[in-house]
Amino acid sequence: MSETKQTNVVPVEPPKQVNLTPVERIKQKSDGLRGTLVERLQDEVTGAISEDDQSLVKFHGMYQQDDRDRREERAEKKLERLYSFMIRLRLPGGFLTPEQWIALHHIAGENSTGTIKITTRMTVQLHGLLKSRLKPTIKAFNEAGLDSIATCGDVNRNVTCAAHPLQSEVHEQVHAYTARISELLKPKTHAYYEIWLDEEKLADKSSEEDPLYQDRYLPRKFKIGIAIPPNNEVDVFTNDLGLTAIIEKKTLKGFNIAIGGGLGTTHGNAETYARLATTIGYIPVTSGDDKLMKAIYEVLTIQRDYGNRSDRKLARLKYTVDKYGIEWYKEELERRTGFRLEEARPVSFTDRIDYYGWRQNHKGLWYYTPFIENGRVLDDEKVALKTALLEVAQTGKANFRFTGNQNLILADINKKDKAAIDTILEKYGIIRHTETASALRKNAMACVALPTCPLALAEAQRYLPVLIDKIEELVNKHELNDENIITRMTGCPNGCGRPYAAEIGFVGTAPGHYNMHLAGDHEGLRLNRIYKENLDEASILRELDLLFWLYRKERITGEKFGDFAWRQKWYKG
Ligand code: SRM
Ligand code: SF4
């Protein structure tokens, strides 16, 4: 493969950045993301921080929110909104030791609502932290070897990777790339350590000069995921940059590289759309991975230089790719890296499932995947999940690995310790809870939405379980109980629960109303399409009753619901 620079590239000058969005100005004058955060944290008059600082605090892994359930009551009493913060951890590849889980459990109890929320990107969020609890929380996380740097904001976010070591004998080798990529793309500013951990101010700020992010960071958030075929639980093609591990004869050979995935859309804005990433080539790693890391880095620099900074709705990489063309992006990448990408290797995905229950890997280690509805770890009337997981962690015998389906895996358990873990899981009813959950429920997920998400137009994680109860009745009626139908719901079109990559996707439009999307596949290679708009619950159930009846009657043997729907001609537009 030629090492020479491309000659056939027609360079395009980076666009003149005019009409910059206000966030661009905030980033640029933020003094390395410091803003006035130190002062605002000390202000006891309000539970909030300034608007500019709200943009900056995201880069430190936090969002200012308020309890939307209590807005009206607070307004009547002429009180300010009940402000609190959400904090999201940086966990490349979604991994915690048992000691870290114990720390997380206690930090959640002491500082937040207590619920540990496993996200669709393999990390955890805590909600409801008062401003005064932010620093103690970050300090406690720091003591546990954890941080929340760059989990939000216009930077590279938490890097995801196929979670289950069963997926390959070189899983750990592939997984190790998440930490390396995360480190490579971490902002250089020391602000996090100064603001939250009271470290000394840098006398010489030259060490935080950031050749990648410079002073305006990226135009928008940036996401990277790594898949290990045949399972695509990370939904690799929904990422700005998706890497697919190519493994031959139990050896990691390299990665296919895909760019331009992203799901966020805006109701009524036809310029926005969901897009799956396009594969542009392959990079071998057998004789070192400098090229891979260089290519990843330069994909970001191109987006930094060419991405749209005047409209945040059109600023993700997918729009840059479509504006300049995929071939242009590839050639610009080759020009910047100084090497050509090889032809993408063939890959085959079969599903995106979690492997529930007990499984054993090639080394004889055991893994238990419990069912955690919508990633919410708490004790409720059905099951004392949080207590059970604490007790498992206290044995020190299981690691915690998060999946891209908002679940976790109790992992890397030695044969001799399996019985002890199993006893705890039995004692708290986790095994029964997991075994009795329907296939439909186990393949469903919902984003957070109300009451904390400021962008939610409708309920999601609080409502989907109730809707699933009712859909289960239809599934039973049409004898489809064994079908792993992938159902996903979000409270707005931003797509946090990846509803556009579901067989049945519900996207909130208004309280109690959802657009219904149909016909995604099991492999994550096809986006669904809008089927009907603005349905209430009764209409959703009526439609599904009919669709399931048709599916049962007319499907081809072995055909999945999404594939069946894809064959039909029901769609708008
Ligand atoms: Fe998301 C914004 C929650 C995964 C697309 N997302 C938000 C915010 C922070 C709302 C906000 O901006 O104020 C939500 C916080 C709610 C809360 O109260 O906690 C939020 N997103 C989530 C999580 C927690 C959903 C979940 O239930 O698991 C996921 C956290 C992932 C993580 O650990 O980093 C989450 N968000 C996603 C995904 C799925 C993915 O990445 O695999 C997407 C679609 C993929 C993509 O990025 O295109 C996604 N979130 C968005 C968008 C739309 C971005 C766009 O390009 O238009 C927004 C809104 C925004 O950025 O302006 C958003
Ligand atoms: Fe909030 Fe919308 Fe994301 Fe759901 S999809 S968490 S409602 S931004």
# chains A, B, ... in the order shown; residues from 1 in each chain; ligands from 1

$ select_by_dssp --residues "range 203-250 of chain A" --states "strand (DSSP E or B)" --output "list in words"
Phe222, Ile224, Gly225, Ile226, Ala227, Ile228, Asn231, Leu241, Gly242, Leu243, Thr244, Ala245, Ile246, Ile247 and Glu248 of chain A

$ select_by_dssp --residues "range 145-245 of chain A" --states "helix (DSSP H, G or I)" --output "ChimeraX atom specification"
/A:165-167,171-184,191-197,205-208,236-238

$ residues_near_ligand --ligand "ligand 2" --cutoff "12 Å" --atoms "only C-alpha atoms and all ligand atoms" --output "VMD selection string"
chain A and resid 63 65 86 117 119 to 120 125 263 to 267 374 445 to 462 488 to 500 505 to 511 514

$ atom_distance --atom1 "CA of Thr350 in chain A" --atom2 "CA of Glu523 in chain A"
5.3 Å

$ residues_around --residues "Ala398 in chain A" --least-positions-apart "3" --cutoff "12 Å" --atoms "only C-alpha atoms" --output "ChimeraX atom specification"
/A:95-102,365-369,389-395,401,408-418,420-422

$ closest_residue --among "A:Glu169, A:Glu248, A:Glu76, A:Asp198" --to "Thr286 in chain A" --atoms "only C-alpha atoms"
A:Glu248

$ residues_around --residues "Lys477 in chain A" --least-positions-apart "2" --cutoff "12 Å" --atoms "only C-alpha atoms" --output "MDAnalysis selection string"
chainID A and resid 470:475 479:481 544:546 548:549 552

$ write_last_selection --atoms "all heavy atoms" --output "compact mmCIF listing (two decimals), in the first residue's frame"
# COMPACT_ATOMS: atom_id res chain seq x y z
N LYS A 470 -48.88 -3.73 27.77
CA LYS A 470 -50.04 -3.81 26.86
C LYS A 470 -49.65 -4.44 25.51
O LYS A 470 -50.43 -5.18 24.93
CB LYS A 470 -50.63 -2.41 26.65
CG LYS A 470 -51.16 -1.89 27.98
CD LYS A 470 -51.67 -0.49 27.95
CE LYS A 470 -52.06 -0.11 29.40
NZ LYS A 470 -52.40 1.27 29.57
N ILE A 471 -48.43 -4.15 25.06
CA ILE A 471 -48.00 -4.78 23.79
C ILE A 471 -47.81 -6.29 24.01
O ILE A 471 -48.07 -7.09 23.12
CB ILE A 471 -46.72 -4.12 23.24
CG1 ILE A 471 -46.92 -2.62 23.03
CG2 ILE A 471 -46.31 -4.77 21.91
CD1 ILE A 471 -45.70 -1.87 22.50
N GLU A 472 -47.38 -6.65 25.22
CA GLU A 472 -47.22 -8.09 25.52
C GLU A 472 -48.53 -8.84 25.31
O GLU A 472 -48.53 -9.99 24.83
CB GLU A 472 -46.74 -8.27 26.96
CG GLU A 472 -45.25 -8.16 27.11
CD GLU A 472 -44.77 -8.15 28.56
OE1 GLU A 472 -45.61 -8.03 29.48
OE2 GLU A 472 -43.57 -8.21 28.78
N GLU A 473 -49.63 -8.20 25.66
CA GLU A 473 -50.93 -8.86 25.47
C GLU A 473 -51.16 -9.15 23.99
O GLU A 473 -51.68 -10.20 23.62
CB GLU A 473 -52.06 -7.98 26.02
CG GLU A 473 -52.07 -7.92 27.53
CD GLU A 473 -53.09 -6.92 28.07
OE1 GLU A 473 -54.04 -6.57 27.34
OE2 GLU A 473 -52.91 -6.49 29.23
N LEU A 474 -50.75 -8.21 23.14
CA LEU A 474 -50.92 -8.41 21.69
C LEU A 474 -49.99 -9.50 21.17
O LEU A 474 -50.36 -10.32 20.33
CB LEU A 474 -50.64 -7.10 20.95
CG LEU A 474 -51.56 -5.92 21.29
CD1 LEU A 474 -51.10 -4.67 20.56
CD2 LEU A 474 -52.99 -6.25 20.93
N VAL A 475 -48.78 -9.47 21.70
CA VAL A 475 -47.79 -10.47 21.30
C VAL A 475 -48.29 -11.87 21.69
O VAL A 475 -48.21 -12.82 20.90
CB VAL A 475 -46.43 -10.13 21.98
CG1 VAL A 475 -45.51 -11.32 21.99
CG2 VAL A 475 -45.76 -8.96 21.28
N GLU A 479 -49.42 -15.01 19.26
CA GLU A 479 -48.43 -16.09 19.45
C GLU A 479 -47.05 -15.72 18.91
O GLU A 479 -46.42 -16.46 18.16
CB GLU A 479 -48.94 -17.39 18.81
CG GLU A 479 -50.21 -17.88 19.49
CD GLU A 479 -50.81 -19.09 18.79
OE1 GLU A 479 -50.08 -19.79 18.08
OE2 GLU A 479 -52.01 -19.30 18.95
N LEU A 480 -46.62 -14.53 19.30
CA LEU A 480 -45.29 -14.07 18.86
C LEU A 480 -44.34 -13.94 20.05
O LEU A 480 -43.35 -13.21 20.00
CB LEU A 480 -45.43 -12.71 18.15
CG LEU A 480 -46.28 -12.70 16.89
CD1 LEU A 480 -46.54 -11.27 16.42
CD2 LEU A 480 -45.60 -13.50 15.78
N ASN A 481 -44.65 -14.67 21.12
CA ASN A 481 -43.90 -14.51 22.38
C ASN A 481 -42.40 -14.72 22.24
O ASN A 481 -41.62 -14.13 22.97
CB ASN A 481 -44.41 -15.49 23.45
CG ASN A 481 -45.91 -15.53 23.49
OD1 ASN A 481 -46.55 -15.67 22.45
ND2 ASN A 481 -46.46 -15.38 24.66
N LEU A 544 -50.59 -1.87 16.18
CA LEU A 544 -49.74 -3.05 16.41
C LEU A 544 -50.56 -4.33 16.32
O LEU A 544 -50.07 -5.36 15.83
CB LEU A 544 -49.04 -2.95 17.76
CG LEU A 544 -47.86 -1.97 17.81
CD1 LEU A 544 -47.27 -1.90 19.22
CD2 LEU A 544 -46.76 -2.37 16.82
N ASP A 545 -51.79 -4.27 16.78
CA ASP A 545 -52.66 -5.45 16.71
C ASP A 545 -52.78 -5.90 15.24
O ASP A 545 -52.59 -7.06 14.90
CB ASP A 545 -54.03 -5.07 17.29
CG ASP A 545 -54.87 -6.29 17.61
OD1 ASP A 545 -54.34 -7.43 17.54
OD2 ASP A 545 -56.07 -6.13 17.93
N LEU A 546 -53.02 -4.93 14.39
CA LEU A 546 -53.17 -5.22 12.96
C LEU A 546 -51.84 -5.72 12.36
O LEU A 546 -51.79 -6.71 11.62
CB LEU A 546 -53.64 -3.95 12.24
CG LEU A 546 -53.77 -4.05 10.74
CD1 LEU A 546 -54.90 -5.00 10.37
CD2 LEU A 546 -54.03 -2.67 10.14
N PHE A 548 -49.22 -7.08 13.84
CA PHE A 548 -48.83 -8.41 14.33
C PHE A 548 -49.67 -9.49 13.65
O PHE A 548 -49.19 -10.58 13.34
CB PHE A 548 -48.97 -8.49 15.86
CG PHE A 548 -47.92 -7.71 16.62
CD1 PHE A 548 -48.13 -7.33 17.95
CD2 PHE A 548 -46.71 -7.34 16.03
CE1 PHE A 548 -47.18 -6.61 18.66
CE2 PHE A 548 -45.75 -6.62 16.74
CZ PHE A 548 -45.99 -6.26 18.06
N TRP A 549 -50.94 -9.18 13.46
CA TRP A 549 -51.83 -10.14 12.79
C TRP A 549 -51.32 -10.41 11.37
O TRP A 549 -51.18 -11.56 10.95
CB TRP A 549 -53.26 -9.57 12.77
CG TRP A 549 -54.23 -10.40 11.99
CD1 TRP A 549 -54.81 -11.57 12.38
CD2 TRP A 549 -54.72 -10.11 10.68
NE1 TRP A 549 -55.63 -12.04 11.38
CE2 TRP A 549 -55.60 -11.16 10.32
CE3 TRP A 549 -54.51 -9.08 9.76
CZ2 TRP A 549 -56.26 -11.20 9.10
CZ3 TRP A 549 -55.17 -9.12 8.55
CH2 TRP A 549 -56.03 -10.18 8.22
N ARG A 552 -47.95 -12.37 11.43
CA ARG A 552 -48.16 -13.80 11.74
C ARG A 552 -48.68 -14.52 10.49
O ARG A 552 -48.27 -15.64 10.18
CB ARG A 552 -49.18 -13.88 12.89
CG ARG A 552 -49.54 -15.26 13.35
CD ARG A 552 -48.47 -15.79 14.30
NE ARG A 552 -48.35 -17.22 14.21
CZ ARG A 552 -49.24 -18.09 14.69
NH1 ARG A 552 -50.30 -17.64 15.30
NH2 ARG A 552 -49.04 -19.37 14.56

$ residues_around --residues "range 128-131 of chain A" --least-positions-apart "5" --cutoff "8 Å" --atoms "only C-alpha atoms" --output "JSON, numbers by chain"
{"A": [41, 47, 48, 83, 84, 85, 86, 87, 111, 112, 113]}

$ residues_around --residues "Thr436 in chain A" --least-positions-apart "6" --cutoff "12 Å" --atoms "only C-alpha atoms" --output "list in words"
Tyr356, Gly357, Pro370, Phe371, Lys382, Gly429, Ile430, Lys442 and Asn481 of chain A

$ residues_around --residues "Leu440 in chain A" --least-positions-apart "4" --cutoff "7 Å" --atoms "only C-alpha atoms" --output "PyMOL selection string"
chain A and resi 444+484-485

$ closest_residue --among "A:His171, A:Arg220, A:Arg90, A:Arg441" --to "Lys313 in chain A" --atoms "only C-alpha atoms"
A:Arg220

$ closest_residue --among "A:Val236, A:Ala163, A:Leu79, A:Met293" --to "ligand 1" --atoms "only C-alpha atoms and all ligand atoms"
A:Val236

$ atom_distance --atom1 "CA of Thr21 in chain A" --atom2 "CA of Glu194 in chain A"
27.5 Å

$ closest_residue --among "A:Leu20, A:Leu89, A:Ile226, A:Val383" --to "ligand 1" --atoms "only C-alpha atoms and all ligand atoms"
A:Leu89

$ closest_residue --among "A:Leu292, A:Ala162, A:Val38, A:Ala384" --to "Tyr193 in chain A" --atoms "only C-alpha atoms"
A:Val38

$ atom_distance --atom1 "CA of Ala437 in chain A" --atom2 "CA of Ile424 in chain A"
19.0 Å

$ decode --residues "range 28-44 of chain A" --atoms "all heavy atoms" --output "compact mmCIF listing (two decimals), in the first residue's frame"
# COMPACT_ATOMS: atom_id res chain seq x y z
N GLN A 28 -14.85 29.90 23.14
CA GLN A 28 -13.61 30.61 22.82
C GLN A 28 -13.14 31.51 23.96
O GLN A 28 -11.95 31.62 24.22
CB GLN A 28 -13.81 31.43 21.56
CG GLN A 28 -12.53 31.89 20.94
CD GLN A 28 -12.75 32.38 19.53
OE1 GLN A 28 -13.86 32.78 19.16
NE2 GLN A 28 -11.70 32.35 18.72
N LYS A 29 -14.08 32.14 24.63
CA LYS A 29 -13.64 33.06 25.69
C LYS A 29 -13.69 32.40 27.08
O LYS A 29 -13.72 33.07 28.10
CB LYS A 29 -14.46 34.35 25.65
CG LYS A 29 -15.91 34.24 26.05
CD LYS A 29 -16.55 35.63 26.09
CE LYS A 29 -17.95 35.63 26.66
NZ LYS A 29 -18.14 35.37 28.04
N SER A 30 -13.69 31.07 27.10
CA SER A 30 -13.94 30.38 28.38
C SER A 30 -12.69 30.16 29.22
O SER A 30 -12.77 29.60 30.30
CB SER A 30 -14.57 29.02 28.10
OG SER A 30 -13.62 28.15 27.50
N ASP A 31 -11.51 30.57 28.71
CA ASP A 31 -10.27 30.30 29.43
C ASP A 31 -10.15 28.80 29.71
O ASP A 31 -10.10 28.38 30.87
CB ASP A 31 -10.24 31.12 30.73
CG ASP A 31 -8.91 30.94 31.47
OD1 ASP A 31 -7.92 30.57 30.83
OD2 ASP A 31 -8.89 31.15 32.71
N GLY A 32 -10.13 28.05 28.65
CA GLY A 32 -9.94 26.59 28.78
C GLY A 32 -11.08 25.93 29.54
O GLY A 32 -10.84 25.08 30.40
N LEU A 33 -12.31 26.33 29.23
CA LEU A 33 -13.53 25.74 29.81
C LEU A 33 -13.72 26.07 31.29
O LEU A 33 -14.45 25.39 32.00
CB LEU A 33 -13.53 24.20 29.62
CG LEU A 33 -13.38 23.70 28.18
CD1 LEU A 33 -13.33 22.17 28.15
CD2 LEU A 33 -14.51 24.21 27.30
N ARG A 34 -13.07 27.14 31.74
CA ARG A 34 -13.24 27.53 33.15
C ARG A 34 -14.44 28.43 33.34
O ARG A 34 -15.20 28.26 34.29
CB ARG A 34 -11.97 28.23 33.65
CG ARG A 34 -10.79 27.28 33.80
CD ARG A 34 -9.51 28.03 34.08
NE ARG A 34 -8.39 27.12 34.25
CZ ARG A 34 -7.68 26.59 33.25
NH1 ARG A 34 -7.98 26.87 32.00
NH2 ARG A 34 -6.67 25.77 33.50
N GLY A 35 -14.61 29.39 32.43
CA GLY A 35 -15.70 30.35 32.58
C GLY A 35 -15.71 30.94 33.97
O GLY A 35 -14.66 31.23 34.55
N THR A 36 -16.92 31.07 34.53
CA THR A 36 -17.01 31.58 35.91
C THR A 36 -17.52 30.48 36.84
O THR A 36 -18.21 30.75 37.82
CB THR A 36 -17.95 32.81 35.98
OG1 THR A 36 -19.24 32.42 35.46
CG2 THR A 36 -17.42 33.98 35.16
N LEU A 37 -17.17 29.24 36.50
CA LEU A 37 -17.72 28.12 37.27
C LEU A 37 -17.35 28.18 38.76
O LEU A 37 -18.19 27.92 39.62
CB LEU A 37 -17.26 26.79 36.66
CG LEU A 37 -18.11 26.33 35.46
CD1 LEU A 37 -17.41 25.24 34.68
CD2 LEU A 37 -19.48 25.87 35.92
N VAL A 38 -16.11 28.55 39.04
CA VAL A 38 -15.69 28.57 40.45
C VAL A 38 -16.59 29.52 41.24
O VAL A 38 -17.12 29.17 42.30
CB VAL A 38 -14.20 28.98 40.57
CG1 VAL A 38 -13.83 29.26 42.01
CG2 VAL A 38 -13.31 27.88 40.00
N GLU A 39 -16.80 30.71 40.70
CA GLU A 39 -17.64 31.71 41.39
C GLU A 39 -19.07 31.23 41.49
O GLU A 39 -19.70 31.33 42.54
CB GLU A 39 -17.61 33.05 40.64
CG GLU A 39 -16.25 33.74 40.58
CD GLU A 39 -15.33 33.19 39.48
OE1 GLU A 39 -15.63 32.14 38.92
OE2 GLU A 39 -14.28 33.80 39.21
N ARG A 40 -19.61 30.71 40.41
CA ARG A 40 -21.03 30.32 40.40
C ARG A 40 -21.32 29.16 41.34
O ARG A 40 -22.40 29.04 41.88
CB ARG A 40 -21.46 29.92 38.98
CG ARG A 40 -21.32 31.02 37.97
CD ARG A 40 -22.28 32.16 38.25
NE ARG A 40 -22.03 33.25 37.32
CZ ARG A 40 -22.85 34.26 37.11
NH1 ARG A 40 -23.96 34.36 37.80
NH2 ARG A 40 -22.54 35.19 36.25
N LEU A 41 -20.35 28.31 41.53
CA LEU A 41 -20.56 27.19 42.45
C LEU A 41 -20.69 27.69 43.89
O LEU A 41 -21.37 27.08 44.72
CB LEU A 41 -19.39 26.19 42.37
CG LEU A 41 -19.34 25.34 41.10
CD1 LEU A 41 -18.07 24.52 41.06
CD2 LEU A 41 -20.55 24.42 41.00
N GLN A 42 -20.06 28.84 44.15
CA GLN A 42 -20.10 29.38 45.52
C GLN A 42 -21.36 30.21 45.78
O GLN A 42 -21.67 30.53 46.92
CB GLN A 42 -18.86 30.23 45.77
CG GLN A 42 -17.62 29.38 45.97
CD GLN A 42 -16.33 30.17 45.78
OE1 GLN A 42 -16.36 31.37 45.52
NE2 GLN A 42 -15.21 29.48 45.89
N ASP A 43 -22.07 30.56 44.73
CA ASP A 43 -23.24 31.43 44.87
C ASP A 43 -24.41 30.63 45.47
O ASP A 43 -25.03 29.79 44.81
CB ASP A 43 -23.60 31.95 43.46
CG ASP A 43 -24.81 32.84 43.49
OD1 ASP A 43 -25.41 33.02 44.57
OD2 ASP A 43 -25.18 33.35 42.41
N GLU A 44 -24.72 30.94 46.73
CA GLU A 44 -25.75 30.15 47.42
C GLU A 44 -27.17 30.69 47.20
O GLU A 44 -28.15 30.11 47.65
CB GLU A 44 -25.44 30.10 48.92
CG GLU A 44 -24.21 29.26 49.20
CD GLU A 44 -23.78 29.29 50.66
OE1 GLU A 44 -24.52 29.86 51.49
OE2 GLU A 44 -22.70 28.76 50.94
